[in-house]
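Undergrad: Have a look at this one.
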Amino acid sequence: MRVSLEEVTKVFDGGVTALDGLSLDIEDGEFFALLGPSGCGKTTLLRTIAGLETASSGAVRIGERDVTRLAPGERDVAMVFQDYALFPHMTVADNIAYPLRIKKVGRAERRAKAADTGASLSLAGLMERRPAQLSGGQQQRVALARAMAAQPTVFLLDEPLSNLDARLRLEARTFLKKLQHDLGVTTVFVTHDQAEALALADRIAVMESGRIRQVGTAREVFQRPANVFVAGFIGSTPMNLLHGECVAGDGEAATAWGHQVDVAGVRLPVPEEIVTELNPGDKVIVGVRPEYFAETEDGIGGQVEIVENLGTTSLVTLTTEGPRIQVTVPEGREPAPGTTMHVSPQPGRMLVYRADDGELIDAP
Amino acid sequence: MSPVELLRRIGFYVFVAVVTAFFALPMLWLVTAPFTRNPSLSVSWPDFTLGNFKHLTDDPNALPSLYNSAVLSLWTMLITVAAAALAAYALSRVRVPGRDGILYLLLLLSSVITGTAAMVPIFQLMFKLHLLDKDLGVILVMTGGLLPAAIFILKDFMDSMPKSYEESARVFGANSFQVLGHVVLPNVRPGLATIAVWAVVNVWGNFLMPFLLYRTPEKQPAAVTLNNFYTEGGQPNLALISTFSLLYSIPVVIMFLFVSRRYGFRFHGGIKA
Amino acid sequence: MAEETGLLPQRSLGGEVPGGGDRRQGLAFVVPALVLITVFLILPALWTLYLGLTDYRLTGVQAAHPKVVGTSNYTHALGDKEFRDALGRTLLFVLGSAIIGQNILGFVLAWTLRSARRWVRTLVETLVLLAWILPGVVVAWLWIAFLKDQGGTLNTILHTPGHDWWFDHPMGSLIVFNVWRGTAFSMMLFAAALSSVPPSQLESARLAGAGSRQQLRDVVIPSIRGHILTNTLLISLWTFNDFTPYLITKGEPHGASAVLPVYIYLTALPGERLGFASAISLIMLVINLLLALAYIRILRRRA
């Protein structure tokens, strides 16, 4: 089922604005991530869809139905909480059957359905245990099974992987993606971990202080962050954001690319498609991921300060006359600290943001 | 072992012996007299007769008064637990400034307004409400006194329960009463048991309120009846008093053992169990 | 006090209530308890205030038409020798049996039993606890029998037949009785407090060469000071309101063991002077209030 939010604002009793006129459309069957730093309002947004919080203004729709004022139980959604919220006094079977108990399904049918759902998530041998006797991964599957038993039109997952230890997390991630794919039910999840969002979600909404800063596929969000906030948030190593100024191109550059951007005394070509958007004198921020810098002879020069080994690559931090720059280099190509290195963005991998509002300068 | 240490050891055992004697001696009578033929006031080696227990059935008030005590205790317990559970749940989930103040005020009230300090107006109030000499009167007064502390204790238990349990039930469509019955109450069962036992023990042992509010001997609970046994004129019937005291004490001891075994001893803002 | 509690339902309306925003439901949850507390706990306390201003009596003209006599009951009470004696006896009772007796014996027991063998510890704790949990009427009778002049166990042990302890030393006997009755609470509270003293502190004191008395003075007492204060206030409050002395002595002989609760009862019911008894009750309520306020201050500071 499609979930749409229209101008949703949530102001808490204390006067804190958690959601600020936020609009969003989540398509039917989509695996959708709400991503942002803590306090950005992503959990409040999820709880507003669930009905655990009521929007101060605006509308929440699930399918064609306006659910803004409906109680949580009337919305046909199921939620898996960060701590799973399994009832400690009930067995796994009773936990999974709980949504059916509320719907007044008979005991025998309840047990049969719970057994089926449990079996589909490989919980068959654990049905008579208490939650406290289960491992973290098993608890998560019970919570998922319980949500599935409710046969909701939308699944809501609050930080679904955060309570698992690192090794288990990857396994659970794969499992979750497959499960969502198999069920095909619209699923919205909240996470603060950008890697998790990139790996799982069909589309991601990146949030900051109650607003959505960008919505897009993992590729869009990763390759073309819409603003410096998203640029700095997405990626396992943060994007380099270098202050610069647009200058009129000189010499050969003038005819070849038009304007150039001056960063730390080095002139970089402005991407062709946005040349018309820039005028000499404009203050800009140039964004380049460390992975997209290449070593060149006439690039920005800096002294190698630190080399951090990331496994297959190494992250090199350079001190230049201007800002610090981080660059990844392939295995075996690490420079020695103290040596000088020149780098420039790979063609087509440089993003230009306006310095005043931090928005990406895009083709008209 | 050095002499100093030896002395210390001896001192310790002397101390333990004296303390044991001090606490045990007055209680010995309670376990020897019921089983002694023609018991006296003094502790003596029992001859293990059960003949004294016949006095319990001979006396018209003895066994009925134990039944009265049970009725009073159970009703007070039920009302206290029910009202406290509802109130504690609401208070535990309400986000209001000043809520803690209210709770402390409640605790303050229950410890300040004791039966002894308020016996005169309580007697008056019951007289006006035509509740003198009625079970309901004693039950309500006891409940009013027990409730604040009961709410305080239960709220503690409810506060420590994750909110996500209830929210999860609500998302599945449970209403308030279902949330309370399916999720909250089962999770605070130790708290409910504590309050229930505490209420029963309090009512079971309370003398002042029934002494104040009952007129008819047949309605009086065990505490008042036992007091009558030893204050009535003439030679006290020691066989009756000793067996009745024992029978009357056993439930309290059992309940105490139950709670301390099952849930361990806890201090709840200094509630006397 | 009623006025402040009256705010409760309105205040709770402001927030989120259980069950998903139905505010009336949250209110409905609080109402039963609130009504019971208001009618059967708060109302009597307020009534004390009013009654204390009247010449209310149990029978006679003043029973049907009590007259407001203003503060004369209070001035009378404060000047009354019987009242002042009863108050003095109560303070002696609280000081001797609770503040000194239960506090010190409770602490000593907790401290010495800490390192005692398991069976010794269990034996002593069980006995002390039993004295605390047995019904008041039963322990009252046990102590009447224990100290009885003719045939009492104590006289048999001490070879002092015929010595009437309750008649000759009513207050002293009551104090000993109440130490016996109430030490359990202090013992358990101190035991809990002592187990919360970090062992590393004791060890570093020992390493510095402190003997057990110095450890007690320099490490233990300072770190459980809050518990001592809490304990003292609570047991004082309870002892101050204890009605068990009535069960033992009925205030006899000639009022020599009439602590305040007993004095109020004797004045109000057998004595039929409800107005005057209410005035004394109010004085008692005020003292209770001061003790409880002090206690709550400590509680909140620790929380």
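Just remember, in the structure tokens the first chain shown is A, the second B, etc., residues are 1-based per chain, and ligands are 1-based in the order shown.
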Contacts between chain B and chain A, please, where a residue of chain A counts if it comes within 9 Å (with only C-alpha atoms); show its shortest atom pair and distance in Å to one decimal, rows by chain and ascending number, as a Markdown table.
TA:
| residue | atom | partner | partner_atom | distance |
| --- | --- | --- | --- | --- |
| A:Ala50 | CA | B:Val171 | CA | 6.8 |
| A:Gly51 | CA | B:Val171 | CA | 7.6 |
| A:Leu52 | CA | B:Glu167 | CA | 7.1 |
| A:Ala71 | CA | B:Gly173 | CA | 8.1 |
| A:Pro72 | CA | B:Val171 | CA | 4.7 |
| A:Gly73 | CA | B:Gly173 | CA | 3.3 |
| A:Glu74 | CA | B:Gly173 | CA | 6.4 |
| A:Arg75 | CA | B:Val171 | CA | 8.1 |
| A:Asp76 | CA | B:Phe172 | CA | 8.1 |
| A:Val77 | CA | B:Val171 | CA | 7.0 |
| A:Ala78 | CA | B:Val171 | CA | 6.3 |
| A:Met79 | CA | B:Val171 | CA | 6.9 |
| A:Val80 | CA | B:Ser168 | CA | 7.7 |
| A:Phe81 | CA | B:Ser164 | CA | 6.8 |
| A:Gln82 | CA | B:Ser164 | CA | 8.6 |
| A:Asp83 | CA | B:Ser164 | CA | 7.7 |
| A:Tyr84 | CA | B:Ser164 | CA | 8.0 |
| A:Ala85 | CA | B:Tyr165 | CA | 4.9 |
| A:Leu86 | CA | B:Tyr165 | CA | 6.9 |
| A:Phe87 | CA | B:Tyr165 | CA | 6.5 |
| A:Pro88 | CA | B:Asn187 | CA | 7.5 |
| A:His89 | CA | B:Asn187 | CA | 6.7 |
| A:Tyr98 | CA | B:Phe172 | CA | 8.0 |
| A:Pro99 | CA | B:Phe172 | CA | 5.3 |
| A:Leu100 | CA | B:Phe172 | CA | 8.7 |
| A:Ile102 | CA | B:Ala174 | CA | 6.1 |
| A:Lys103 | CA | B:Gly173 | CA | 7.9 |
| A:Ala147 | CA | B:Phe172 | CA | 8.4 |
| A:Ala150 | CA | B:Phe172 | CA | 7.0 |
Undergrad: Just need the residues of chain C within 7 Å of chain B, counting only C-alpha atoms, so spit them out as a PyMOL selection string.
TA: chain C and resi 11-12+14-19+26+29-30+32-33+36-37+40-41+44-45+47-48+124+127-128+134-138+142-143+145-146+151-153+180+241+243+261+268+274+278+281+284-285+288-289+292
Undergrad: For the residues in the current selection, export N, CA and C atoms as a short mmCIF file (atom, residue, chain, number, x, y, z; two decimals), in the first residue's frame.
TA:
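So out_36.cif came out as:
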data_model
loop_
_atom_site.label_atom_id
_atom_site.label_comp_id
_atom_site.auth_asym_id
_atom_site.auth_seq_id
_atom_site.Cartn_x
_atom_site.Cartn_y
_atom_site.Cartn_z
N ARG C 11 -4.56 18.30 35.94
CA ARG C 11 -3.19 18.26 35.45
C ARG C 11 -2.97 17.07 34.54
N SER C 12 -3.57 15.95 34.90
CA SER C 12 -3.32 14.78 34.07
C SER C 12 -3.94 14.94 32.69
N GLY C 14 -3.48 17.26 30.78
CA GLY C 14 -2.55 17.93 29.89
C GLY C 14 -1.72 16.99 29.03
N GLY C 15 -1.51 15.78 29.50
CA GLY C 15 -0.53 14.95 28.82
C GLY C 15 -1.12 13.80 28.05
N GLU C 16 -0.22 12.96 27.56
CA GLU C 16 -0.65 11.76 26.87
C GLU C 16 -1.10 10.74 27.88
N VAL C 17 -2.20 10.10 27.60
CA VAL C 17 -2.70 9.12 28.54
C VAL C 17 -2.70 7.76 27.87
N PRO C 18 -2.74 6.70 28.67
CA PRO C 18 -2.68 5.37 28.07
C PRO C 18 -3.86 5.12 27.15
N GLY C 19 -3.65 4.30 26.19
CA GLY C 19 -4.76 3.89 25.35
C GLY C 19 -4.92 4.77 24.14
N GLY C 26 -7.74 8.13 30.78
CA GLY C 26 -6.66 8.29 31.75
C GLY C 26 -7.21 8.82 33.06
N PHE C 29 -9.04 6.21 34.99
CA PHE C 29 -8.15 5.26 35.66
C PHE C 29 -7.74 5.77 37.04
N VAL C 30 -7.62 7.09 37.17
CA VAL C 30 -7.13 7.65 38.44
C VAL C 30 -8.27 7.85 39.44
N PRO C 32 -10.99 6.17 40.75
CA PRO C 32 -11.35 5.33 41.90
C PRO C 32 -10.39 5.52 43.07
N ALA C 33 -9.10 5.46 42.77
CA ALA C 33 -8.11 5.62 43.83
C ALA C 33 -8.23 7.00 44.46
N LEU C 36 -11.25 7.29 46.84
CA LEU C 36 -11.03 6.57 48.10
C LEU C 36 -10.04 7.33 48.99
N ILE C 37 -8.98 7.82 48.37
CA ILE C 37 -7.97 8.54 49.17
C ILE C 37 -8.56 9.83 49.73
N PHE C 40 -11.48 8.87 52.45
CA PHE C 40 -11.15 8.11 53.65
C PHE C 40 -9.79 8.42 54.23
N LEU C 41 -9.05 9.30 53.58
CA LEU C 41 -7.75 9.66 54.14
C LEU C 41 -7.64 11.16 54.36
N PRO C 44 -10.80 12.90 56.62
CA PRO C 44 -10.62 12.81 58.07
C PRO C 44 -9.58 13.78 58.61
N ALA C 45 -8.50 13.95 57.85
CA ALA C 45 -7.46 14.87 58.33
C ALA C 45 -8.00 16.29 58.41
N TRP C 47 -11.12 17.10 58.69
CA TRP C 47 -12.16 17.11 59.71
C TRP C 47 -11.55 17.33 61.09
N THR C 48 -10.37 16.77 61.27
CA THR C 48 -9.66 16.99 62.53
C THR C 48 -9.53 18.47 62.83
N VAL C 124 19.55 -15.55 63.74
CA VAL C 124 19.28 -14.26 64.37
C VAL C 124 18.32 -13.44 63.53
N LEU C 127 14.70 -14.65 63.86
CA LEU C 127 14.06 -14.29 65.13
C LEU C 127 13.68 -12.81 65.14
N VAL C 128 14.64 -11.97 64.70
CA VAL C 128 14.38 -10.53 64.73
C VAL C 128 13.20 -10.19 63.80
N LEU C 134 4.91 -10.59 63.41
CA LEU C 134 3.76 -11.14 64.12
C LEU C 134 2.73 -10.04 64.37
N PRO C 135 1.44 -10.38 64.36
CA PRO C 135 0.42 -9.36 64.59
C PRO C 135 0.60 -8.68 65.94
N GLY C 136 0.30 -7.37 65.99
CA GLY C 136 0.49 -6.58 67.20
C GLY C 136 -0.23 -7.14 68.41
N VAL C 137 -1.44 -7.64 68.19
CA VAL C 137 -2.20 -8.14 69.34
C VAL C 137 -1.52 -9.36 69.94
N VAL C 138 -0.91 -10.16 69.09
CA VAL C 138 -0.23 -11.36 69.59
C VAL C 138 1.01 -10.98 70.39
N LEU C 142 2.06 -11.66 74.25
CA LEU C 142 3.30 -12.36 74.58
C LEU C 142 4.11 -11.57 75.61
N TRP C 143 4.13 -10.26 75.45
CA TRP C 143 4.91 -9.44 76.39
C TRP C 143 4.19 -9.24 77.72
N ALA C 145 2.48 -11.61 79.04
CA ALA C 145 2.78 -12.88 79.71
C ALA C 145 4.24 -12.94 80.15
N PHE C 146 5.14 -12.46 79.28
CA PHE C 146 6.58 -12.54 79.54
C PHE C 146 6.95 -11.77 80.81
N GLY C 151 4.17 -15.75 87.65
CA GLY C 151 4.33 -16.79 86.64
C GLY C 151 4.93 -16.32 85.34
N GLY C 152 5.32 -15.04 85.22
CA GLY C 152 5.96 -14.54 83.99
C GLY C 152 7.33 -15.18 83.78
N THR C 153 7.67 -15.41 82.53
CA THR C 153 8.92 -16.11 82.23
C THR C 153 10.14 -15.33 82.71
N TRP C 180 12.49 -4.57 70.85
CA TRP C 180 12.30 -5.97 70.43
C TRP C 180 11.42 -6.02 69.18
N ASN C 241 3.44 6.97 66.22
CA ASN C 241 2.03 6.66 65.96
C ASN C 241 1.62 5.27 66.42
N PHE C 243 0.13 2.25 68.23
CA PHE C 243 -0.99 2.07 69.15
C PHE C 243 -0.81 0.82 70.03
N PRO C 261 -0.96 8.41 71.26
CA PRO C 261 -2.08 7.68 70.63
C PRO C 261 -3.04 7.11 71.67
N ALA C 268 -10.94 10.52 73.71
CA ALA C 268 -12.02 10.62 72.73
C ALA C 268 -13.16 9.66 73.03
N LEU C 274 -14.58 14.55 72.20
CA LEU C 274 -14.08 14.43 70.84
C LEU C 274 -13.37 15.70 70.37
N SER C 278 -9.57 15.86 69.21
CA SER C 278 -9.21 16.27 67.85
C SER C 278 -8.10 17.30 67.85
N SER C 281 -5.08 15.46 68.23
CA SER C 281 -4.79 14.75 66.99
C SER C 281 -4.10 15.66 66.00
N MET C 284 -0.64 16.14 66.68
CA MET C 284 0.08 14.94 66.26
C MET C 284 0.30 14.94 64.75
N LEU C 285 -0.74 15.32 64.01
CA LEU C 285 -0.62 15.38 62.55
C LEU C 285 0.49 16.32 62.12
N ASN C 288 3.77 14.68 62.70
CA ASN C 288 3.94 13.69 61.63
C ASN C 288 4.39 14.37 60.34
N LEU C 289 3.72 15.48 60.05
CA LEU C 289 4.00 16.19 58.80
C LEU C 289 5.46 16.64 58.76
N ALA C 292 7.64 13.64 58.15
CA ALA C 292 7.51 13.13 56.79
C ALA C 292 8.15 14.07 55.78
#
Undergrad: Rank A:Glu273, A:Asp13, A:Asp28, A:Glu291 by their smallest atom-to-atom distance to Glu53 in chain A, using only C-alpha atoms, and report the top residue only.
TA: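 Closest candidate: A:Asp13.
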Undergrad: If we count only C-alpha atoms and set the cut-off at 12 Å, which residues sit around Ser209 in chain A, ignoring sequence neighbours fewer than 5 positions away in its own chain? Please answer as number ranges by chain.
TA: A: 9-10, 16-22, 35-45, 229
Undergrad: Write out as a PyMOL selection string all residues of range 119-295 of chain C that DSSP puts in alpha helix (DSSP H) for this structure's backbone.
TA: chain C and resi 119-133+136-146+153-158+165-168+170-195+199-207+212-215+221-223+225-240+244-249+260-268+274-295
Undergrad: Pick out the closest residue to Leu136 in chain B from this set: B:Arg37, B:Arg262, B:Lys219, B:Lys54. Count only C-alpha atoms.
TA: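 Closest residue, counting only C-alpha atoms: B:Lys219.
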Undergrad: To one decimal in Å, tell me the separation between CA of Pro199 in chain C and CA of Leu109 in chain C.
TA: 19.2 Å
Undergrad: Can you tell me, as an mmCIF file with N, CA, C and O atoms, in the first residue's frame, which residues in range 212-269 of chain A count as strand (DSSP E) by DSSP?
TA:
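Contents of part-v3.cif, freshly written:
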data_model
loop_
_atom_site.group_PDB
_atom_site.id
_atom_site.type_symbol
_atom_site.label_atom_id
_atom_site.label_comp_id
_atom_site.auth_asym_id
_atom_site.auth_seq_id
_atom_site.Cartn_x
_atom_site.Cartn_y
_atom_site.Cartn_z
ATOM 1 N N ILE A 212 13.004 16.770 5.182
ATOM 2 C CA ILE A 212 13.669 15.838 4.287
ATOM 3 C C ILE A 212 14.628 16.617 3.401
ATOM 4 O O ILE A 212 14.254 17.589 2.760
ATOM 5 N N ARG A 213 15.898 16.193 3.380
ATOM 6 C CA ARG A 213 16.888 16.913 2.595
ATOM 7 C C ARG A 213 17.062 16.302 1.214
ATOM 8 O O ARG A 213 17.509 16.973 0.277
ATOM 9 N N GLN A 214 16.763 15.036 1.069
ATOM 10 C CA GLN A 214 16.823 14.414 -0.249
ATOM 11 C C GLN A 214 16.083 13.094 -0.220
ATOM 12 O O GLN A 214 16.139 12.361 0.759
ATOM 13 N N VAL A 215 15.369 12.812 -1.318
ATOM 14 C CA VAL A 215 14.759 11.500 -1.487
ATOM 15 C C VAL A 215 15.301 10.921 -2.776
ATOM 16 O O VAL A 215 15.340 11.613 -3.803
ATOM 17 N N GLY A 216 15.709 9.667 -2.748
ATOM 18 C CA GLY A 216 16.190 9.082 -3.992
ATOM 19 C C GLY A 216 16.648 7.659 -3.779
ATOM 20 O O GLY A 216 16.644 7.152 -2.655
ATOM 21 N N THR A 217 17.042 7.032 -4.888
ATOM 22 C CA THR A 217 17.581 5.682 -4.780
ATOM 23 C C THR A 217 18.949 5.761 -4.120
ATOM 24 O O THR A 217 19.540 6.843 -4.006
ATOM 25 N N ASN A 240 34.768 15.022 0.632
ATOM 26 C CA ASN A 240 35.549 16.257 0.794
ATOM 27 C C ASN A 240 34.691 17.424 0.335
ATOM 28 O O ASN A 240 34.131 17.398 -0.764
ATOM 29 N N LEU A 241 34.555 18.428 1.185
ATOM 30 C CA LEU A 241 33.794 19.618 0.807
ATOM 31 C C LEU A 241 34.746 20.802 0.862
ATOM 32 O O LEU A 241 35.169 21.222 1.943
ATOM 33 N N LEU A 242 35.129 21.288 -0.356
ATOM 34 C CA LEU A 242 36.201 22.281 -0.428
ATOM 35 C C LEU A 242 35.655 23.611 -0.901
ATOM 36 O O LEU A 242 34.992 23.692 -1.935
ATOM 37 N N HIS A 243 35.902 24.649 -0.099
ATOM 38 C CA HIS A 243 35.425 25.974 -0.493
ATOM 39 C C HIS A 243 36.227 26.503 -1.670
ATOM 40 O O HIS A 243 37.439 26.335 -1.727
ATOM 41 N N GLY A 244 35.507 27.122 -2.609
ATOM 42 C CA GLY A 244 36.197 27.649 -3.771
ATOM 43 C C GLY A 244 35.415 28.794 -4.376
ATOM 44 O O GLY A 244 34.382 29.208 -3.843
ATOM 45 N N GLU A 245 35.950 29.309 -5.499
ATOM 46 C CA GLU A 245 35.293 30.442 -6.145
ATOM 47 C C GLU A 245 35.311 30.227 -7.644
ATOM 48 O O GLU A 245 36.288 29.716 -8.194
ATOM 49 N N CYS A 246 34.217 30.629 -8.276
ATOM 50 C CA CYS A 246 34.151 30.495 -9.733
ATOM 51 C C CYS A 246 34.945 31.633 -10.386
ATOM 52 O O CYS A 246 34.829 32.786 -9.979
ATOM 53 N N VAL A 247 35.777 31.252 -11.329
ATOM 54 C CA VAL A 247 36.550 32.292 -12.034
ATOM 55 C C VAL A 247 36.368 32.089 -13.535
ATOM 56 O O VAL A 247 36.025 30.990 -13.979
ATOM 57 N N GLN A 260 36.013 28.183 -14.638
ATOM 58 C CA GLN A 260 36.750 27.243 -13.804
ATOM 59 C C GLN A 260 36.465 27.536 -12.338
ATOM 60 O O GLN A 260 35.939 28.594 -11.992
ATOM 61 N N VAL A 261 36.795 26.572 -11.498
ATOM 62 C CA VAL A 261 36.635 26.790 -10.064
ATOM 63 C C VAL A 261 38.013 26.782 -9.435
ATOM 64 O O VAL A 261 38.816 25.877 -9.677
ATOM 65 N N ASP A 262 38.237 27.812 -8.639
ATOM 66 C CA ASP A 262 39.538 27.932 -7.989
ATOM 67 C C ASP A 262 39.440 27.337 -6.583
ATOM 68 O O ASP A 262 38.712 27.820 -5.727
ATOM 69 N N VAL A 263 40.167 26.235 -6.376
ATOM 70 C CA VAL A 263 40.214 25.634 -5.043
ATOM 71 C C VAL A 263 41.666 25.573 -4.608
ATOM 72 O O VAL A 263 42.489 24.957 -5.280
ATOM 73 N N VAL A 266 44.296 26.022 -7.131
ATOM 74 C CA VAL A 266 44.307 25.152 -8.313
ATOM 75 C C VAL A 266 42.984 25.321 -9.046
ATOM 76 O O VAL A 266 41.928 25.384 -8.433
ATOM 77 N N ARG A 267 43.081 25.436 -10.372
ATOM 78 C CA ARG A 267 41.859 25.639 -11.145
ATOM 79 C C ARG A 267 41.323 24.313 -11.643
ATOM 80 O O ARG A 267 42.034 23.553 -12.305
ATOM 81 N N LEU A 268 40.049 24.069 -11.284
ATOM 82 C CA LEU A 268 39.407 22.833 -11.714
ATOM 83 C C LEU A 268 38.331 23.182 -12.730
ATOM 84 O O LEU A 268 37.676 24.212 -12.596
ATOM 85 N N PRO A 269 38.136 22.347 -13.737
ATOM 86 C CA PRO A 269 37.114 22.647 -14.736
ATOM 87 C C PRO A 269 35.714 22.492 -14.156
ATOM 88 O O PRO A 269 35.463 21.582 -13.375
#
Undergrad: Can you list, as a PyMOL selection string, every protein, DNA or RNA residue that comes within 10 Å of range 250-255 of chain C when you count only C-alpha atoms, leaving out same-chain residues fewer than 6 positions away?
TA: (chain B and resi 231) or (chain C and resi 82+85-86+166-171+243-244+261-263+265-266)
Undergrad: For the residues in the current selection, export C-alpha atoms as a PDB file, in the first residue's frame.
TA:
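Just written: selection19.pdb:
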ATOM      1  CA  THR B 231      -8.718  -8.274  78.624  1.00  0.00           C
TER       2      THR B 231
ATOM      3  CA  GLU C  82      -1.991  15.491  81.209  1.00  0.00           C
ATOM      4  CA  ASP C  85       2.923  14.497  80.241  1.00  0.00           C
ATOM      5  CA  ALA C  86       1.621  12.275  77.451  1.00  0.00           C
ATOM      6  CA  TRP C 166       4.531  -3.394  83.703  1.00  0.00           C
ATOM      7  CA  PHE C 167       3.348  -1.745  86.946  1.00  0.00           C
ATOM      8  CA  ASP C 168       6.681  -0.651  88.362  1.00  0.00           C
ATOM      9  CA  HIS C 169       8.466   0.390  85.152  1.00  0.00           C
ATOM     10  CA  PRO C 170       5.753   0.949  82.533  1.00  0.00           C
ATOM     11  CA  MET C 171       7.758   3.239  80.243  1.00  0.00           C
ATOM     12  CA  PHE C 243      -0.990   2.066  69.151  1.00  0.00           C
ATOM     13  CA  THR C 244       0.427  -1.217  70.509  1.00  0.00           C
ATOM     14  CA  PRO C 261      -2.078   7.680  70.634  1.00  0.00           C
ATOM     15  CA  VAL C 262      -3.345   6.021  73.817  1.00  0.00           C
ATOM     16  CA  TYR C 263      -4.109   9.379  75.397  1.00  0.00           C
ATOM     17  CA  TYR C 265      -8.111   7.241  72.377  1.00  0.00           C
ATOM     18  CA  LEU C 266      -8.823   7.472  76.098  1.00  0.00           C
TER      19      LEU C 266
END
Undergrad: Determine, counting only C-alpha atoms, which protein, DNA and RNA residues have an atom within 8 Å of an atom of Met90 in chain A; residues of the same chain fewer than 3 positions away are not included. Present the result as a list in words.
TA: Phe87, Ala93, Asp94, Asn95, Arg130 and Pro131 of chain A
Undergrad: How about saving the chosen residues, all heavy atoms kept, as a tab-separated table (two decimals), in the first residue's frame?
TA:
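Written file, result.tsv:
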chain	number	residue	atom	x	y	z
A	87	PHE	N	6.82	-9.61	24.37
A	87	PHE	CA	6.28	-9.68	25.72
A	87	PHE	C	6.98	-10.78	26.49
A	87	PHE	O	6.88	-11.95	26.14
A	87	PHE	CB	4.77	-9.92	25.68
A	87	PHE	CG	4.05	-8.91	24.83
A	87	PHE	CD1	3.05	-9.30	23.94
A	87	PHE	CD2	4.37	-7.56	24.90
A	87	PHE	CE1	2.39	-8.37	23.15
A	87	PHE	CE2	3.71	-6.63	24.12
A	87	PHE	CZ	2.73	-7.04	23.24
A	93	ALA	N	5.31	-18.56	20.66
A	93	ALA	CA	4.06	-18.81	19.95
A	93	ALA	C	3.00	-17.78	20.32
A	93	ALA	O	2.33	-17.22	19.44
A	93	ALA	CB	3.56	-20.22	20.26
A	94	ASP	N	2.87	-17.50	21.61
A	94	ASP	CA	1.86	-16.54	22.05
A	94	ASP	C	2.20	-15.13	21.57
A	94	ASP	O	1.31	-14.34	21.24
A	94	ASP	CB	1.74	-16.54	23.58
A	94	ASP	CG	1.07	-17.80	24.08
A	94	ASP	OD1	0.37	-18.44	23.27
A	94	ASP	OD2	1.25	-18.15	25.25
A	95	ASN	N	3.48	-14.82	21.53
A	95	ASN	CA	3.89	-13.52	21.01
A	95	ASN	C	3.48	-13.37	19.55
A	95	ASN	O	2.89	-12.36	19.15
A	95	ASN	CB	5.40	-13.35	21.14
A	95	ASN	CG	5.80	-12.57	22.37
A	95	ASN	OD1	5.52	-11.37	22.47
A	95	ASN	ND2	6.39	-13.24	23.33
A	130	ARG	N	10.56	-18.72	26.00
A	130	ARG	CA	10.29	-17.32	26.34
A	130	ARG	C	11.33	-16.45	25.63
A	130	ARG	O	12.45	-16.91	25.38
A	130	ARG	CB	10.43	-17.09	27.85
A	130	ARG	CG	9.51	-17.94	28.68
A	130	ARG	CD	8.15	-17.30	28.78
A	130	ARG	NE	7.16	-18.26	29.22
A	130	ARG	CZ	6.24	-17.99	30.15
A	130	ARG	NH1	6.20	-16.80	30.69
A	130	ARG	NH2	5.37	-18.88	30.50
A	131	PRO	N	10.97	-15.20	25.32
A	131	PRO	CA	11.91	-14.33	24.62
A	131	PRO	C	13.29	-14.26	25.27
A	131	PRO	O	14.30	-14.21	24.58
A	131	PRO	CB	11.22	-12.97	24.66
A	131	PRO	CG	9.78	-13.29	24.74
A	131	PRO	CD	9.67	-14.58	25.52
Undergrad: Nearest to Met341 in chain A among A:Ala55, A:Ile325, A:Val154, A:Ile285, with distances taken over only C-alpha atoms: which residue is it?
TA: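 Answer, going by the shortest atom-to-atom distance: A:Ile325.
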Undergrad: Just want the 7 Å neighbourhood of range 46-48 of chain B, counted on only C-alpha atoms, with same-chain residues fewer than 2 positions away dropped. Output as an MDAnalysis selection string.
TA: chainID B and resid 32:33 35:37 44 50
Undergrad: Only N, CA and C atoms, please: the residues just picked out, written as an mmCIF file, in the first residue's frame.
TA:
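As written to disk, result_22.cif reads:
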data_model
loop_
_atom_site.group_PDB
_atom_site.id
_atom_site.type_symbol
_atom_site.label_atom_id
_atom_site.label_comp_id
_atom_site.auth_asym_id
_atom_site.auth_seq_id
_atom_site.Cartn_x
_atom_site.Cartn_y
_atom_site.Cartn_z
ATOM 1 N N THR B 32 5.193 -23.086 72.670
ATOM 2 C CA THR B 32 5.107 -24.162 73.673
ATOM 3 C C THR B 32 3.695 -24.265 74.253
ATOM 4 N N ALA B 33 3.106 -23.134 74.615
ATOM 5 C CA ALA B 33 1.819 -23.165 75.328
ATOM 6 C C ALA B 33 0.705 -23.909 74.577
ATOM 7 N N PHE B 35 0.727 -26.461 72.950
ATOM 8 C CA PHE B 35 0.885 -27.912 72.972
ATOM 9 C C PHE B 35 1.134 -28.439 74.384
ATOM 10 N N THR B 36 0.873 -27.597 75.379
ATOM 11 C CA THR B 36 1.087 -27.984 76.761
ATOM 12 C C THR B 36 -0.277 -28.192 77.433
ATOM 13 N N ARG B 37 -0.410 -29.306 78.181
ATOM 14 C CA ARG B 37 -1.665 -29.515 78.899
ATOM 15 C C ARG B 37 -1.757 -28.480 79.997
ATOM 16 N N SER B 44 7.226 -23.643 79.362
ATOM 17 C CA SER B 44 7.630 -24.942 79.904
ATOM 18 C C SER B 44 7.691 -25.939 78.760
ATOM 19 N N LEU B 50 -2.705 -31.998 71.556
ATOM 20 C CA LEU B 50 -3.473 -31.138 70.666
ATOM 21 C C LEU B 50 -4.823 -30.799 71.283
#
